[in-house]
Each structure stands twice: as structure tokens, then as C-alpha cells.
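> I have a structure I would like to understand better, so I am pasting it below and will then ask my questions one at a time.
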Amino acid sequence: MRDLSKRAFDLALSGALLLLTSPFLLLLAAWVRADSRGPALYRGTRVGREGAPFHMLKFRTMVVDADKMGASSTPDDDPRVTAAGRILRRYKLDELPQLINVFRGEMSFVGPRPNVQWAVDRYTSEERALLSVRPGMTDWASIKFHNEGAILLSSTDPDGDYLRIIEPEKTRLGLEYVRRRSLGTDVRIILQTVRVILTRE
């Protein structure tokens with residue numbers, strides 16, 4: 001019943017937001033295309049519920065083929081990030097296309113952020129509980145580490161520093177969400193996420 005109500009919430013809210021924001025999304029897509037060579041959307045392969053891979057959608061914030069040029073983790077001073085991308089990333093606007101992933105059932109509004117395969121391959125048996133729910137657009141860890149790029153600023157080993165500084169606490173918070181998840185918790189996380197984005201606290 002809990003999963004059914006969560007899915008109904010995700011479906012209704014993502015559908016409404018896609019309808020309401022479609023003109024804005026089209027403007028952002030045009031801006032990305034005009035700012036640098038390449039497609040408006042980036043389709044990154046991520047690991048979803050029960051280990052199923054899917055293409056997570058984002059507005060492209062980096063140069064074409066950036067994933068072949070460096071680390072998976074992205075500091076704020078990463079030279080692969082485009083001019084438009086810096087603004088999109090600062091206000092999390094690059095994440096808006098994930099409303100499509102939520103509508104399709106590949107993601108939820110709230111849940112542990114989806115990881116790339118190499119990160120999932122490092123999961124312990126306990127950490128694999130993160131794959132028991134749909135990955136989310138936001139969660140407690142997204143709020144705590146909303147300035148992840150700033151934390152990794154000037155890093156010579158972004159992936160290594162991510163694993164050392166950020167990943168352990170992100171995993172702990174993700175597992176706590178899995179154990180205590182509820183629709184009420186989801187609403188609180190969504191509201192806190194909006195507040196953090198608007199106030200940059």
C-alpha cells in the first residue's frame with residue numbers, strides 16, 4: 001500500500017509539473033543548444049531499482065563526451081562544465097528532465113540518488129538495500145550535500161575525494177531513508193529541497 005500511494009503521488013505530481021513547466025523546459029533546452037555544441041539532453045546510464053539500468057535525463061551542462069574526458073564526480077571548477085551549465089547546476093535546473101524519469105516509473109521524487117555502475121559494484125550486502133526502492137530526484141543526502149561541487153573544488157582526484165568525503169554519509173542517509181520512508185517524509189524532503197535551492201543555505 002505504501003508503494004502504491006508513493007507511485008500515485010509521483011505520477012500525479014510529475015504529470016502536472018511536466019504540463020505546467022513545458023514552456024520553461026523548452027526555453028532551457030534552446031539555451032543549452034545555443035550555448036555550446038551538442039544535444040540539449042544528457043542521457044546518463046544509472047542503476048535503478050533492483051539493479052536495472054536506465055537512462056537518467058538531465059539538461060547537458062558539460063561539453064560533448066565529457067564522460068570520456070575525466071571523472072564521474074564534478075567539482076565547481078571543472079573545465080568541462082559549460083557557461084550555461086554552471087547556472088543550471090547552481091540552481092539544480094539541470095535535474096528538471098528527470099520529471100520524465102519519474103513519470104515513466106524509473107525514478108521517484110524522493111529516494112537515494114541513482115549511482116553509476118562502478119559505484120554500485122562497490123556496495124556491501126547491507127548497502128544493496130538502496131536498490132530496493134526507486135532512486136530519487138532528491139533525498140536527505142541531496143539536501144546535506146547540495147554544494148557537492150564546492151566540496152570537491154580544486155580536487156585533483158574528484159572520484160577519490162567523493163568516495164572519501166561524501167559517499168559514506170550519503171550511503172548512511174540513503175539507508176536511513178529506505179528504513180523509515182513514508183509519504184509524509186517524502187513531502188518534508190521535497191519542501192526542504194525547494195527551500196535549499198531558493199535560499200542556497
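In the C-alpha cells, the first chain shown is A, the next is B, and so on; residue numbers restart at 1 for each chain, and ligands run from 1 in the order shown.
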Using only C-alpha atoms, determine which residues lie at most 9 Å from Leu28 (chain A), disregarding the query and same-chain residues fewer than 2 positions distant; provide the list as a list of chain:residue names.

A:Pro23, A:Phe24, A:Leu25, A:Leu26, A:Ala30, A:Trp31, A:Val32, A:Arg33, A:Ala40, A:Phe59, A:Leu88, A:Leu93, A:Asp94

> List the spatial neighbours of Arg134 (chain A) as a PyMOL selection string - criterion: any atom at most 12 Å away, only C-alpha atoms, same-chain residues fewer than 4 positions off excluded.

chain A and resi 3+6-7+10+46-54+101-102+104-115+129-130+138-139+174+177-178+181

> Give me, as a list in words, all polymer residues having an atom no more than 10 Å from Phe145 (chain A), counting only C-alpha atoms and skipping those fewer than 6 positions away in the same chain.

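These residues fall inside the cut-off: Ile151, Ile166, Glu169 and Lys170 of chain A.
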
> Store the residues picked out above in a file with N, CA and C atoms, as a PDB file, in the first residue's frame.


ATOM      1  N   ILE A 151      32.387  21.345  -2.440  1.00  0.00           N
ATOM      2  CA  ILE A 151      33.183  20.474  -1.571  1.00  0.00           C
ATOM      3  C   ILE A 151      34.365  19.897  -2.342  1.00  0.00           C
ATOM      4  N   ILE A 166      32.295  12.244   0.835  1.00  0.00           N
ATOM      5  CA  ILE A 166      30.845  12.372   0.682  1.00  0.00           C
ATOM      6  C   ILE A 166      30.111  11.040   0.731  1.00  0.00           C
ATOM      7  N   GLU A 169      28.610   9.193   4.125  1.00  0.00           N
ATOM      8  CA  GLU A 169      27.449   9.826   4.748  1.00  0.00           C
ATOM      9  C   GLU A 169      26.231   9.767   3.828  1.00  0.00           C
ATOM     10  N   LYS A 170      26.448   9.895   2.524  1.00  0.00           N
ATOM     11  CA  LYS A 170      25.346   9.759   1.575  1.00  0.00           C
ATOM     12  C   LYS A 170      24.709   8.382   1.686  1.00  0.00           C
TER      13      LYS A 170
END

> Measuring atom to atom with only C-alpha atoms, identify which of A:Gly85, A:Pro158, A:Pro135, A:Gly44 is nearest to Thr61 (chain A).

A:Gly85

> From a DSSP pass on the backbone, collect the residues of region 23-119 of chain A flagged as strand (DSSP E or B) and hand them back as a VMD selection string.

chain A and resid 41 to 47 53 to 59 62 81 108 to 110 115

> Between A:Ala66, A:Trp140, A:Ile100, A:Asp121, which residue has the minimum interatomic distance to Val187 (chain A), considering only C-alpha atoms?

A:Trp140

> Between A:Thr171, A:Ser182, A:Ser22, A:Gln98, single out the one closest to Ser142 (chain A), counting only C-alpha atoms.

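Residue with the minimum atom-to-atom distance to Ser142 (chain A): A:Thr171.
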
> Just to confirm, what's the straight-line distance from CA of Arg86 (chain A) to CA of Leu191 (chain A) in Å (one decimal)?

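Pair CA of Arg86 (chain A) / CA of Leu191 (chain A) returns 23.6 Å.
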
> CA of Ser154 (chain A) and CA of Val116 (chain A) are how many Å apart?

22.6 Å

> Could you write out, as a ChimeraX atom specification, all the residues of region 15-148 of chain A that DSSP marks as helix (DSSP H, G or I)?

/A:15-35,49-51,66-68,83-90,93-95,98-104,117-120,127-132,140-144,148

> In terms of the shortest atom-to-atom distance over only C-alpha atoms, which of A:Met137, A:Leu175, A:Ala150, A:Ile165 is closest to Lys92 (chain A)?

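Looking at the shortest contact to Lys92 (chain A), the residue is A:Met137.
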